[in-house]
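K.L.:
I'd like to ask you about the structure that follows.
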Amino acid sequence: MSTKSKSKSKKPTARISTKKPTAGTWKVEKEEKIQLKALAKDERTWKIAGVTFLVVSIFLIISFLSYFFTWKQDFTQLSRGSEILWNSDVKVENLLGKLGGLSAQYFIYRLFGVAAVLICTFFFVIGVNLMWRRKVFSVWRNLKYVTLGMLVVSAILAYLLHDEEFRYGGGVGNVIAHWLVASLGKIGAGAVLALIVIGYFIWQFNPVFSFPKKLKRPVLPADEAAADETMPGEQPVIAVVENATPVDTGTGGAKLVMDTAAEKPKYDIRLINKEPEVHAMEEEEGHERITVLKPTAKRPEPVIETEPEKDAAQELAIPSKIVSKDKPVLDDNLKLEINSGPITPAQPAAPAAEKKKTYEPALNLRSYKKPTTDLLETHGSEKVIQDQNELENNKNQIIQTLRNYDIEIQRISATVGPTVTLYEIVPAAGVRISKIKNLEDDIALSLSALGIRIIAPIPGRGTIGIEVPNARKSIVSMKTLLASDEFTKSTYSLPIALGKRIDNKNFIVDLATMPHLLMAGATGQGKSVGINAILVSLLYSKHPSQLKFVLVDPKKVELSVYSQIVNHFLARLPNEEDAIITDTKKVINTLNALCIEMDTRYDLLKDAGCRNIKEYNAKFTERRLNPEKGHQFMPFIVLVVDEFADLIMTAGKEVEMPIARLAQLARAVGIHLIIATQRPSVNIITGIIKANFPARIAFKVSSKIDSRTILDAGGADQLIGKGDMLISLNGELSRLQCAFVDTPEVDKVVDFIAYQEGYPEPFLLPEYIDEKDLEAGGDFDLDDRDSLFEDAAKLIVANQIGSTSLLQRRMKLGYNRAGRLMDQLEQAGIVGPNQGSKAREVLIKTEAELQQHLDMLG
Ligand SMILES: Nc1ncnc2c1ncn2[C@@H]1O[C@H](COP(=O)(O)OP(=O)(O)OP(=O)(O)O)[C@@H](O)[C@H]1O
């Protein structure tokens, strides 16, 4: 079903009684239903409900808190129950009056005691979710915790404080505690409650229990030290080295020589809050490993204390213990036992293996769940229909037709696919293949079937193939492909389930290796379904932190459904409202912004010494790249352009050039392109585009020329439509039946994702300002400074590097804007002139000086 038909079906429908209605009643009934439905859908209704829940939660918390102070005075009155509400003579002290007092008395005294305050969070969570109309917090999880928490806490408080005047555990707590004491005795009940608390803490915090033991060999590999470049807000890593002999290296750092020959450890070494550069060096004779530790300047310099054993102390350049100024100094008699267990609560001395905790990009949307296959439909029976008569008839006709042209065959076999059957023939010796190929039309005519395609020869098989459409075709459901082991267990970076081959094997490929895809097909032949199949595959396999889409949809309807997941999976330009781009001018800006993103990513890769996004992300997740230097986890970016012809017609080179540039270079940095067009003519799929899109898909096209344009081969004109397609990949042409995913299914998948918590905003692409607009701006006028001028000046002065790419990276700017800022900084006398490939000189040395300078500029 196309989107157009979908929009029709989405209109609210009124259920109309089949009884013949009288004119008056019929109208009222219909209107009422529509109004109620509309009311439920109206966002204001949701907001009002949300505010109501929030008010209830605030009401309860205030009345509960007040109750803790006023219960004594109010108790007798409140015990009379709701009757006091109507009795104006009754006065209570609770801040929220009689209703507040009654609610508090009910929840606290009758039910859960102090633990009743947890119930307020439940109303709060529902209120917030309703207000924002999405799952900001998980109601189900909250309900679990609140219920369990109230039961356990009330029971514990009732058990511990049963003699108190105030009912800390409430009625429910008392009942549970009494029952436990009656069943298990006082000690048994206490033990059970303690067990629940301890169990909860173990479950929640998973503490490490281990006996103090001596480590066999020192552990401080280079990559662990690199991992010490902690993420902002994290605990500094504590490295523990034992059994080491520190020796002066003369490099300003220190060398720790691990002496495995020593019977007992010479030194216990502990580094706290260090930021070392660690280099693993070659083994030395008699020593197991050498590690050079060199503190860097940025963090507080460690104070070094020495506690060598006996006279070895004199040889040492560095001490056996290094502690930071702002951390508590460790006990002088450091013992190895300290290593194996937690040292102090503030300094989690994790064992070496645990210390190397990797950065998990998915953790910032921790509760995100990938869509499940039950959201999708199974279309038709899925079974390939083998009609024996049809097979026999076709076989005989093929043999007969070929015989008419004096072509004898040795053998014929058939493979029945979802849409076509492949007859493979082995011709008799001496028959020229080109002869069979030339007879394509005649064979088609005599088989009186559309869509005959002759493959002569089938590469690698030494046979000639004749594909004949099946009389009854089966639909390949997306659901089957996504549920298949090939898909669920695939290790691909960007797995896409495209469809089934003629031999019914699932065709699942990695978009990351393709690395870009060109799609063509006449209208109504399955292109939109194909694009949806690709997008849905990716949505099923990737977490929002790993993938972002840039969607270009000049037709405005095809991809609009994905706008709901803008904060999960979409990228957009800063200051743009719509993430789905429909306007040609914005497409140009977006493509150029992607080029900037590509360049920035290349800079980061270069800085990290990585060749591609995979290596880079691996290094980043191992915490070997410093986010303070602009490094960040790179999600894949997939650009989808639904109607490329429209763009090329209106914008020509302005669109073609950035697309070609991206197609040439963007693969290594994880940017992949999917470009679709209805009109695969040479002025649209130009040489330069074609050269950079090695993977191409053709649905049915209207002419052989179109087929040649897209595939460099005929055949696409003979496809039978409805998702029948040819894919040219790595120089090989395969016929597939594209997976079918209907628009309502896509809706469901998108809803499933949209309902979950997303990021606060879409992934932002760098800003791109058209050079033409810049030129129009003319010379820099100090009164007309860029809004980021001051920030840029501060950044440059703080770093003392006059580099445009620094501005680009740290301020997430496009090249043009960063360049313009740099020019303005030059004209303001903050940096010197351009020095080619070298960074500009920074003329102002301190922040104070800069402030003065800026004040002077006014
Ligand atoms: N893989 C498929 N399996 C079965 N039927 C399909 C498949 N793909 C498309 N169809 C059928 O063909 C119809 C048209 O497909 P689709 O909307 O994808 O065409 P299109 O090429 O995008 O057309 P347009 O360019 O006009 O939007 C679908 O509504 C569906 O009925």
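Letters A, B, ... go to the chains of the structure tokens in the order shown; residues in each chain start at 1; ligands are counted from 1 in the same order.
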Check every protein, DNA and RNA residue against ligand 1, keep those with an atom at most 6 Å away (counting only C-alpha atoms and all ligand atoms), and present them as a PyMOL selection string.
P.N.:
chain A and resi 1-2+475+522-529+722-723+738-740
K.L.:
Write out as a ChimeraX atom specification each polymer residue whose atoms come within 10 Å of range 86-90 of chain A, counting only C-alpha atoms; drop sequence neighbours fewer than 5 positions from it.
P.N.:
/A:74,77-78,98
K.L.:
Based on DSSP run over this structure's backbone, return all residues of range 601-646 of chain A in strand (DSSP E), as a list in words.
P.N.:
Phe636, Ile637, Val638, Leu639, Val640 and Val641 of chain A
K.L.:
Measure the distance from CA of Glu165 in chain A to CA of Lys186 in chain A in Å and round it to one decimal.
P.N.:
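It comes out at 20.2 Å.
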